[in-house]
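Participant: My structure is stored as my_file.cif, with mmCIF, C-alpha atoms.
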```cif
data_model
#
loop_
_atom_site.group_PDB
_atom_site.id
_atom_site.type_symbol
_atom_site.label_atom_id
_atom_site.label_comp_id
_atom_site.auth_asym_id
_atom_site.auth_seq_id
_atom_site.Cartn_x
_atom_site.Cartn_y
_atom_site.Cartn_z
ATOM 1 C CA MET R 2 0.000 0.000 0.000
ATOM 2 C CA ALA R 3 1.413 3.383 -1.040
ATOM 3 C CA ASN R 4 0.742 6.248 1.357
ATOM 4 C CA VAL R 5 -0.017 9.570 -0.362
ATOM 5 C CA LEU R 6 0.144 13.156 0.915
ATOM 6 C CA ILE R 7 -1.846 15.791 -1.016
ATOM 7 C CA VAL R 8 -0.450 19.355 -1.081
ATOM 8 C CA ASP R 9 -2.356 22.257 -2.666
ATOM 9 C CA ASP R 10 -3.611 25.623 -1.433
ATOM 10 C CA HIS R 11 -7.074 25.100 -2.980
ATOM 11 C CA ALA R 12 -9.460 22.918 -0.993
ATOM 12 C CA LEU R 13 -11.394 21.828 -4.089
ATOM 13 C CA VAL R 14 -8.220 20.619 -5.795
ATOM 14 C CA ARG R 15 -7.180 18.706 -2.692
ATOM 15 C CA ALA R 16 -10.621 17.114 -2.510
ATOM 16 C CA GLY R 17 -10.443 16.071 -6.152
ATOM 17 C CA LEU R 18 -6.979 14.549 -5.818
ATOM 18 C CA MET R 19 -7.978 12.773 -2.615
ATOM 19 C CA THR R 20 -10.997 11.255 -4.359
ATOM 20 C CA VAL R 21 -9.098 10.087 -7.446
ATOM 21 C CA LEU R 22 -6.068 8.708 -5.632
ATOM 22 C CA GLY R 23 -7.919 7.541 -2.531
ATOM 23 C CA MET R 24 -10.114 5.328 -4.697
ATOM 24 C CA SER R 25 -7.167 3.947 -6.666
ATOM 25 C CA PRO R 26 -6.103 0.378 -5.813
ATOM 26 C CA GLY R 27 -3.022 0.159 -3.640
ATOM 27 C CA MET R 28 -3.118 3.796 -2.492
ATOM 28 C CA ALA R 29 -4.145 5.462 0.759
ATOM 29 C CA VAL R 30 -4.276 9.219 1.336
ATOM 30 C CA VAL R 31 -2.717 9.879 4.743
ATOM 31 C CA GLY R 32 -2.977 13.671 4.877
ATOM 32 C CA GLU R 33 -3.441 16.998 3.126
ATOM 33 C CA ALA R 34 -1.667 20.354 3.381
ATOM 34 C CA GLU R 35 -2.484 23.819 2.060
ATOM 35 C CA ASN R 36 1.072 25.180 2.036
ATOM 36 C CA GLY R 37 4.651 24.015 1.832
ATOM 37 C CA ARG R 38 5.432 24.464 5.510
ATOM 38 C CA LYS R 39 2.551 22.232 6.584
ATOM 39 C CA ALA R 40 3.548 19.739 3.877
ATOM 40 C CA LEU R 41 7.028 19.555 5.406
ATOM 41 C CA ALA R 42 5.573 18.902 8.858
ATOM 42 C CA LEU R 43 3.188 16.208 7.608
ATOM 43 C CA ALA R 44 5.924 14.576 5.537
ATOM 44 C CA ARG R 45 8.007 14.259 8.686
ATOM 45 C CA ARG R 46 5.027 12.821 10.546
ATOM 46 C CA PHE R 47 3.656 10.350 8.009
ATOM 47 C CA LYS R 48 6.732 9.625 5.832
ATOM 48 C CA PRO R 49 4.550 9.140 2.726
ATOM 49 C CA ASP R 50 5.627 7.178 -0.321
ATOM 50 C CA LEU R 51 4.248 9.845 -2.668
ATOM 51 C CA ILE R 52 3.448 13.551 -2.435
ATOM 52 C CA THR R 53 1.393 15.466 -4.995
ATOM 53 C CA MET R 54 2.815 18.981 -4.818
ATOM 54 C CA ASP R 55 1.402 22.294 -6.024
ATOM 55 C CA LEU R 56 3.924 24.928 -7.104
ATOM 56 C CA HIS R 57 2.294 28.234 -6.172
ATOM 57 C CA MET R 58 1.371 28.302 -2.488
ATOM 58 C CA PRO R 59 1.584 30.777 0.388
ATOM 59 C CA ILE R 60 4.161 30.579 3.211
ATOM 60 C CA MET R 61 6.401 28.091 1.350
ATOM 61 C CA CYS R 62 6.300 27.325 -2.371
ATOM 62 C CA GLY R 63 6.295 23.839 -3.836
ATOM 63 C CA ALA R 64 9.912 23.914 -5.011
ATOM 64 C CA ASP R 65 11.280 24.905 -1.588
ATOM 65 C CA ALA R 66 9.072 22.353 0.169
ATOM 66 C CA THR R 67 10.143 19.637 -2.260
ATOM 67 C CA ARG R 68 13.827 20.376 -1.714
ATOM 68 C CA GLN R 69 13.567 20.138 2.069
ATOM 69 C CA ILE R 70 11.333 17.061 2.036
ATOM 70 C CA VAL R 71 13.550 15.132 -0.389
ATOM 71 C CA GLU R 72 16.695 16.114 1.520
ATOM 72 C CA GLU R 73 15.170 14.687 4.701
ATOM 73 C CA ASN R 74 13.653 11.627 3.025
ATOM 74 C CA PRO R 75 15.315 10.658 -0.280
ATOM 75 C CA ASN R 76 12.891 7.738 -0.684
ATOM 76 C CA VAL R 77 9.787 9.905 -1.049
ATOM 77 C CA ARG R 78 8.441 10.473 -4.574
ATOM 78 C CA VAL R 79 7.105 13.919 -5.525
ATOM 79 C CA LEU R 80 4.668 14.538 -8.372
ATOM 80 C CA VAL R 81 4.055 18.207 -9.164
ATOM 81 C CA VAL R 82 0.423 18.973 -10.039
ATOM 82 C CA THR R 83 0.137 22.569 -11.143
ATOM 83 C CA THR R 84 -1.867 25.011 -13.242
ATOM 84 C CA TYR R 85 0.219 27.704 -14.894
ATOM 85 C CA CYS R 86 3.968 27.296 -14.743
ATOM 86 C CA THR R 87 7.039 28.416 -16.629
ATOM 87 C CA SER R 88 9.886 26.225 -17.810
ATOM 88 C CA ASP R 89 12.134 27.803 -15.186
ATOM 89 C CA GLU R 90 9.686 26.875 -12.406
ATOM 90 C CA ILE R 91 9.476 23.305 -13.688
ATOM 91 C CA GLY R 92 13.246 23.122 -13.963
ATOM 92 C CA ARG R 93 13.642 24.441 -10.435
ATOM 93 C CA VAL R 94 11.282 21.918 -8.843
ATOM 94 C CA LEU R 95 12.755 19.008 -10.823
ATOM 95 C CA GLU R 96 16.214 20.120 -9.721
ATOM 96 C CA ALA R 97 14.861 20.248 -6.157
ATOM 97 C CA GLY R 98 14.048 16.551 -6.364
ATOM 98 C CA ALA R 99 10.579 16.195 -7.904
ATOM 99 C CA HIS R 100 10.152 13.056 -9.996
ATOM 100 C CA GLY R 101 7.553 14.363 -12.434
ATOM 101 C CA ALA R 102 4.967 17.001 -13.241
ATOM 102 C CA VAL R 103 1.480 17.150 -14.734
ATOM 103 C CA SER R 104 -1.018 19.957 -15.205
ATOM 104 C CA LYS R 105 -4.249 20.212 -13.224
ATOM 105 C CA THR R 106 -6.154 19.746 -16.476
ATOM 106 C CA THR R 107 -4.791 16.212 -16.868
ATOM 107 C CA SER R 108 -7.266 13.353 -16.965
ATOM 108 C CA ASN R 109 -7.824 11.032 -14.009
ATOM 109 C CA ASP R 110 -6.345 8.169 -16.025
ATOM 110 C CA GLU R 111 -3.159 10.108 -16.791
ATOM 111 C CA LEU R 112 -2.848 11.158 -13.160
ATOM 112 C CA ARG R 113 -3.023 7.527 -12.068
ATOM 113 C CA ARG R 114 -0.556 6.582 -14.800
ATOM 114 C CA ALA R 115 1.864 9.311 -13.661
ATOM 115 C CA VAL R 116 1.596 8.172 -10.047
ATOM 116 C CA GLY R 117 2.157 4.555 -11.018
ATOM 117 C CA ARG R 118 5.213 5.384 -13.092
ATOM 118 C CA ILE R 119 6.747 7.518 -10.366
ATOM 119 C CA LEU R 120 6.105 4.956 -7.643
ATOM 120 C CA ALA R 121 7.825 2.411 -9.881
ATOM 121 C CA GLY R 122 10.907 4.640 -9.935
ATOM 122 C CA HIS R 123 10.445 6.245 -13.351
ATOM 123 C CA PRO R 124 10.172 9.993 -14.114
ATOM 124 C CA TYR R 125 6.973 11.281 -15.697
ATOM 125 C CA LEU R 126 6.148 14.530 -17.494
ATOM 126 C CA GLY R 127 2.646 15.264 -18.745
ATOM 127 C CA GLU R 128 2.221 16.405 -22.350
ATOM 128 C CA ASP R 129 1.535 20.040 -21.390
ATOM 129 C CA VAL R 130 4.603 20.189 -19.153
ATOM 130 C CA ALA R 131 6.853 18.513 -21.726
ATOM 131 C CA ARG R 132 5.659 20.998 -24.355
ATOM 132 C CA ILE R 133 6.594 23.951 -22.130
ATOM 133 C CA LEU R 134 10.071 22.545 -21.514
ATOM 134 C CA LYS R 135 10.615 21.898 -25.208
ATOM 135 C CA THR R 136 9.390 25.334 -26.292
ATOM 136 C CA ASP R 137 11.289 27.313 -23.666
ATOM 137 C CA PRO R 138 14.082 25.356 -21.919
ATOM 138 C CA PRO R 139 14.636 26.226 -18.242
ATOM 139 C CA VAL R 140 17.608 28.166 -16.944
ATOM 140 C CA PRO R 141 20.275 25.693 -15.797
ATOM 141 C CA SER R 142 22.219 26.196 -12.585
ATOM 142 C CA LEU R 143 25.743 27.470 -13.233
ATOM 143 C CA SER R 144 28.735 27.406 -10.913
ATOM 144 C CA PRO R 145 30.324 30.755 -9.993
ATOM 145 C CA ARG R 146 33.279 29.943 -12.274
ATOM 146 C CA GLN R 147 30.976 29.058 -15.174
ATOM 147 C CA ARG R 148 29.230 32.407 -14.734
ATOM 148 C CA GLU R 149 32.579 34.210 -14.812
ATOM 149 C CA VAL R 150 33.526 32.423 -18.021
ATOM 150 C CA LEU R 151 30.130 33.146 -19.572
ATOM 151 C CA GLU R 152 30.396 36.841 -18.674
ATOM 152 C CA SER R 153 33.879 36.911 -20.230
ATOM 153 C CA VAL R 154 32.584 35.261 -23.390
ATOM 154 C CA ALA R 155 29.808 37.863 -23.558
ATOM 155 C CA ARG R 156 32.483 40.589 -23.398
ATOM 156 C CA GLY R 157 34.090 39.065 -26.468
ATOM 157 C CA LEU R 158 37.245 37.866 -24.731
ATOM 158 C CA SER R 159 39.287 35.078 -26.311
ATOM 159 C CA ASN R 160 40.187 31.873 -24.488
ATOM 160 C CA ARG R 161 43.662 33.304 -23.881
ATOM 161 C CA ASP R 162 42.230 36.547 -22.458
ATOM 162 C CA ILE R 163 39.849 34.601 -20.197
ATOM 163 C CA SER R 164 42.738 32.419 -19.044
ATOM 164 C CA ILE R 165 44.775 35.471 -18.013
ATOM 165 C CA LEU R 166 41.800 37.262 -16.458
ATOM 166 C CA LEU R 167 40.681 34.330 -14.309
ATOM 167 C CA GLY R 168 44.126 32.863 -13.651
ATOM 168 C CA ILE R 169 43.338 29.435 -15.074
ATOM 169 C CA SER R 170 44.810 27.417 -17.936
ATOM 170 C CA ILE R 171 43.492 27.695 -21.477
ATOM 171 C CA ASP R 172 42.530 24.013 -21.341
ATOM 172 C CA MET R 173 40.432 24.732 -18.252
ATOM 173 C CA VAL R 174 38.760 27.641 -20.055
ATOM 174 C CA LYS R 175 37.884 25.309 -22.913
ATOM 175 C CA GLU R 176 36.445 22.766 -20.451
ATOM 176 C CA HIS R 177 34.246 25.420 -18.856
ATOM 177 C CA ILE R 178 33.043 26.672 -22.238
ATOM 178 C CA ASN R 179 32.198 23.154 -23.407
ATOM 179 C CA ALA R 180 30.326 22.531 -20.142
ATOM 180 C CA LEU R 181 28.396 25.776 -20.705
ATOM 181 C CA PHE R 182 27.430 24.689 -24.225
ATOM 182 C CA VAL R 183 26.045 21.431 -22.820
ATOM 183 C CA LYS R 184 24.158 23.073 -19.933
ATOM 184 C CA LEU R 185 22.688 25.825 -22.095
ATOM 185 C CA GLY R 186 21.919 23.496 -24.975
ATOM 186 C CA VAL R 187 23.773 25.642 -27.519
ATOM 187 C CA ALA R 188 26.396 25.014 -30.195
ATOM 188 C CA ASN R 189 28.625 28.091 -30.073
ATOM 189 C CA ARG R 190 29.526 31.294 -28.216
ATOM 190 C CA THR R 191 26.987 33.451 -30.039
ATOM 191 C CA GLU R 192 24.141 31.124 -29.115
ATOM 192 C CA ALA R 193 25.396 30.936 -25.524
ATOM 193 C CA VAL R 194 25.376 34.710 -25.128
ATOM 194 C CA ALA R 195 21.976 35.025 -26.834
ATOM 195 C CA PHE R 196 20.490 32.378 -24.515
ATOM 196 C CA ALA R 197 22.024 34.023 -21.446
ATOM 197 C CA LEU R 198 20.624 37.444 -22.386
ATOM 198 C CA ARG R 199 17.179 36.028 -23.167
ATOM 199 C CA LYS R 200 17.064 34.205 -19.845
ATOM 200 C CA HIS R 201 18.541 37.161 -17.899
ATOM 201 C CA ILE R 202 21.530 35.100 -16.744
ATOM 202 C CA LEU R 203 23.804 38.025 -17.572
#
```
Turn the structure described in the file into structure tokens.

Facilitator:
Amino acid sequence: MANVLIVDDHALVRAGLMTVLGMSPGMAVVGEAENGRKALALARRFKPDLITMDLHMPIMCGADATRQIVEENPNVRVLVVTTYCTSDEIGRVLEAGAHGAVSKTTSNDELRRAVGRILAGHPYLGEDVARILKTDPPVPSLSPRQREVLESVARGLSNRDISILLGISIDMVKEHINALFVKLGVANRTEAVAFALRKHIL
């Protein structure tokens, strides 16, 4: 039996999720929370197998709650169930430890499918969420050194100039630039700078 905690700041949404998942074979809803702080407290109390997590909530948002809950209990699975969200918000909560995300307009069957996949140890992204990520990729997390290199690239500095400026070898500069290309999903310096400006990284 999988124990489920429902987290959403709207009572009607919580009631709907509790009905759908509570009536699903092999699942038992053990609690509900209207904000991230209460979710953290109930997660500590019940140690659920799965948490359905809203993103936009008062007191503590879904991403911050997810990060703390997963840090305390790495075995818990978190499925984000949200309305409007940006790619950056999705990226942030997935980076925080969420195992999947679906929109609140998803069907009951897809919700059950998402829960089943996640409980089985597989990630799951609903069609709407996947479309957002594909259309507008999220901002990746960069190390302080990677940011310095990216800022230097944006200034038009050569690898040699960056090496002298930052006091690192040219080979290390190349490694950082290649890592930036991978993280940003770009092919060259021009695309890297354009992406950084569009996403307000610089």

Participant: Selected by the PyMOL selection byres ((chain R and resi 129) around 12) in the shown coordinates: which residues, as a list in words?

Facilitator: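 Evaluating the PyMOL selection byres ((chain R and resi 129) around 12) on these coordinates yields Val82, Thr83, Thr84, Tyr85, Cys86, Thr87, Ser88, Ile91, Ala102, Val103, Ser104, Lys105, Thr106, Thr107, Ser108, Glu111, Tyr125, Leu126, Gly127, Glu128, Val130, Ala131, Arg132, Ile133, Leu134, Lys135 and Thr136 of chain R.
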
Participant: Return as JSON the box centre and box size in Å, one decimal, for an axis-aligned box around all listed atoms of region 40-43 of chain R padded by 3 Å per side.

Facilitator:
```
{"center_x": 5.1, "center_y": 18.0, "center_z": 6.4, "size_x": 9.8, "size_y": 9.5, "size_z": 11.0}
```

Participant: For the file shown, report as an MDAnalysis selection string the outcome of the PyMOL selection byres ((chain R and resi 197) around 10) at residue level.

Facilitator: chainID R and resid 140 148 151:152 155 185 191:196 198:203

Participant: Point out the residue among R:Arg156, R:Lys39, R:Arg78, R:Arg161 with the least atom-to-atom distance to Leu120 (chain R), counting all atoms listed in the file.

Facilitator: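 Ranked by minimum distance to Leu120 (chain R), first place goes to R:Arg78.
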
Participant: Extract, using all atoms listed in the file, all DNA, RNA and protein residues at most 8 Å from Pro59 (chain R), discarding same-chain residues fewer than 3 positions from it, and format them as a list in words.

Facilitator: Asp10, Asn36, Gly37 and Cys62 of chain R

Participant: Taking (-5.5, 22.6, -3.3) in the file's coordinates as the center, which residues reach within 10 Å of it, counting only C-alpha atoms, put as a list of chain:residue names?

Facilitator: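 Residues found, by chain and rising number: R:Ile7, R:Val8, R:Asp9, R:Asp10, R:His11, R:Ala12, R:Leu13, R:Val14, R:Arg15, R:Ala16, R:Gly17, R:Leu18, R:Glu33, R:Ala34, R:Glu35, R:Asn36, R:Met54, R:Asp55, R:Met58, R:Val82, R:Thr83.
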
Participant: Which residues come within 9 Å of Phe47 (chain R), counting all atoms listed in the file, excluding same-chain residues fewer than 2 positions away, as an MDAnalysis selection string?

Facilitator: chainID R and resid 4 6 31:32 42:45 49

Participant: Tell me which of R:Leu80, R:Leu167, R:Leu181, R:Leu112 sits closest to Ser144 (chain R), counting all atoms listed in the file.

Facilitator: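 Among the listed residues, the smallest separation from Ser144 (chain R) belongs to R:Leu181.
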
Participant: Evaluate the PyMOL selection byres ((chain R and resi 184) around 9) on the structure here and hand back the selected residues as a compact mmCIF listing (two decimals) with C-alpha atoms, in the coordinates of the input.

Facilitator:
```txt
# COMPACT_ATOMS: atom_id res chain seq x y z
CA VAL R 140 17.61 28.17 -16.94
CA PRO R 141 20.27 25.69 -15.80
CA SER R 142 22.22 26.20 -12.58
CA LEU R 143 25.74 27.47 -13.23
CA ASN R 179 32.20 23.15 -23.41
CA ALA R 180 30.33 22.53 -20.14
CA LEU R 181 28.40 25.78 -20.70
CA PHE R 182 27.43 24.69 -24.22
CA VAL R 183 26.04 21.43 -22.82
CA LEU R 185 22.69 25.82 -22.10
CA GLY R 186 21.92 23.50 -24.98
CA VAL R 187 23.77 25.64 -27.52
```

Participant: Please compute the CA of Ala3 (chain R)-CA of Ala121 (chain R) distance, one decimal, in Å.

Facilitator: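 Atom-to-atom, CA of Ala3 (chain R) to CA of Ala121 (chain R), that is 11.0 Å.
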
Participant: My list of candidates is R:Arg118, R:Glu90, R:Val79, R:Ile70. Which is closest to Asp137 (chain R) when distances are computed with all atoms listed in the file?

Facilitator: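 Counting all atoms listed in the file, the residue closest to Asp137 (chain R) is R:Glu90.
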
Participant: Counting all atoms listed in the file, which of R:Val150, R:Ile52, R:Met19, R:Leu158 gets nearest to Val5 (chain R)?

Facilitator: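 Looking only at the distances to Val5 (chain R), the closest residue turns out to be R:Ile52.
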
Participant: Within 9 Å of Ser153 (chain R), counting only C-alpha atoms, which residues show up once you throw out same-chain ones fewer than 6 positions away? Write them as a list of chain:residue names, please.

Facilitator: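 Neighbouring residues, sequence-local ones excluded: R:Ser159, R:Asp162, R:Ile163, R:Leu166.
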
Participant: Just the number, please: distance in Å from CA of Gly122 (chain R) to CA of Gly23 (chain R), one decimal.

Facilitator: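 The value is 20.4 Å.
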
Participant: Would you compute the distance between CA of Glu149 (chain R) and CA of Val174 (chain R)? Give it in Å to one decimal.

Facilitator: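 Atom-to-atom, CA of Glu149 (chain R) and CA of Val174 (chain R) are spaced 10.4 Å apart.
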
Participant: Output as an mmCIF file, keeping the file's coordinate frame: region 80-93 of chain R, completed with N, CA and C atoms.

Facilitator:
```
data_model
loop_
_atom_site.group_PDB
_atom_site.id
_atom_site.type_symbol
_atom_site.label_atom_id
_atom_site.label_comp_id
_atom_site.auth_asym_id
_atom_site.auth_seq_id
_atom_site.Cartn_x
_atom_site.Cartn_y
_atom_site.Cartn_z
ATOM 1 N N LEU R 80 5.288 14.233 -7.088
ATOM 2 C CA LEU R 80 4.668 14.538 -8.372
ATOM 3 C C LEU R 80 4.079 15.935 -8.302
ATOM 4 N N VAL R 81 4.580 16.845 -9.121
ATOM 5 C CA VAL R 81 4.055 18.207 -9.164
ATOM 6 C C VAL R 81 2.750 18.209 -9.954
ATOM 7 N N VAL R 82 1.715 18.807 -9.360
ATOM 8 C CA VAL R 82 0.423 18.973 -10.039
ATOM 9 C C VAL R 82 0.117 20.460 -9.995
ATOM 10 N N THR R 83 0.202 21.111 -11.145
ATOM 11 C CA THR R 83 0.137 22.569 -11.143
ATOM 12 C C THR R 83 -0.733 23.106 -12.273
ATOM 13 N N THR R 84 -1.072 24.372 -12.190
ATOM 14 C CA THR R 84 -1.867 25.011 -13.242
ATOM 15 C C THR R 84 -0.919 25.688 -14.204
ATOM 16 N N TYR R 85 -0.705 26.974 -14.019
ATOM 17 C CA TYR R 85 0.219 27.704 -14.894
ATOM 18 C C TYR R 85 1.619 27.607 -14.327
ATOM 19 N N CYS R 86 2.581 27.324 -15.190
ATOM 20 C CA CYS R 86 3.968 27.296 -14.743
ATOM 21 C C CYS R 86 4.875 27.617 -15.918
ATOM 22 N N THR R 87 6.039 28.129 -15.605
ATOM 23 C CA THR R 87 7.039 28.416 -16.629
ATOM 24 C C THR R 87 8.058 27.283 -16.668
ATOM 25 N N SER R 88 8.850 27.250 -17.712
ATOM 26 C CA SER R 88 9.886 26.225 -17.810
ATOM 27 C C SER R 88 10.892 26.360 -16.676
ATOM 28 N N ASP R 89 11.178 27.593 -16.274
ATOM 29 C CA ASP R 89 12.134 27.803 -15.186
ATOM 30 C C ASP R 89 11.596 27.249 -13.869
ATOM 31 N N GLU R 90 10.290 27.416 -13.629
ATOM 32 C CA GLU R 90 9.686 26.875 -12.406
ATOM 33 C C GLU R 90 9.718 25.352 -12.419
ATOM 34 N N ILE R 91 9.421 24.762 -13.580
ATOM 35 C CA ILE R 91 9.476 23.305 -13.688
ATOM 36 C C ILE R 91 10.902 22.821 -13.471
ATOM 37 N N GLY R 92 11.850 23.494 -14.120
ATOM 38 C CA GLY R 92 13.246 23.122 -13.963
ATOM 39 C C GLY R 92 13.696 23.210 -12.516
ATOM 40 N N ARG R 93 13.241 24.254 -11.830
ATOM 41 C CA ARG R 93 13.642 24.441 -10.435
ATOM 42 C C ARG R 93 13.113 23.322 -9.540
#
```
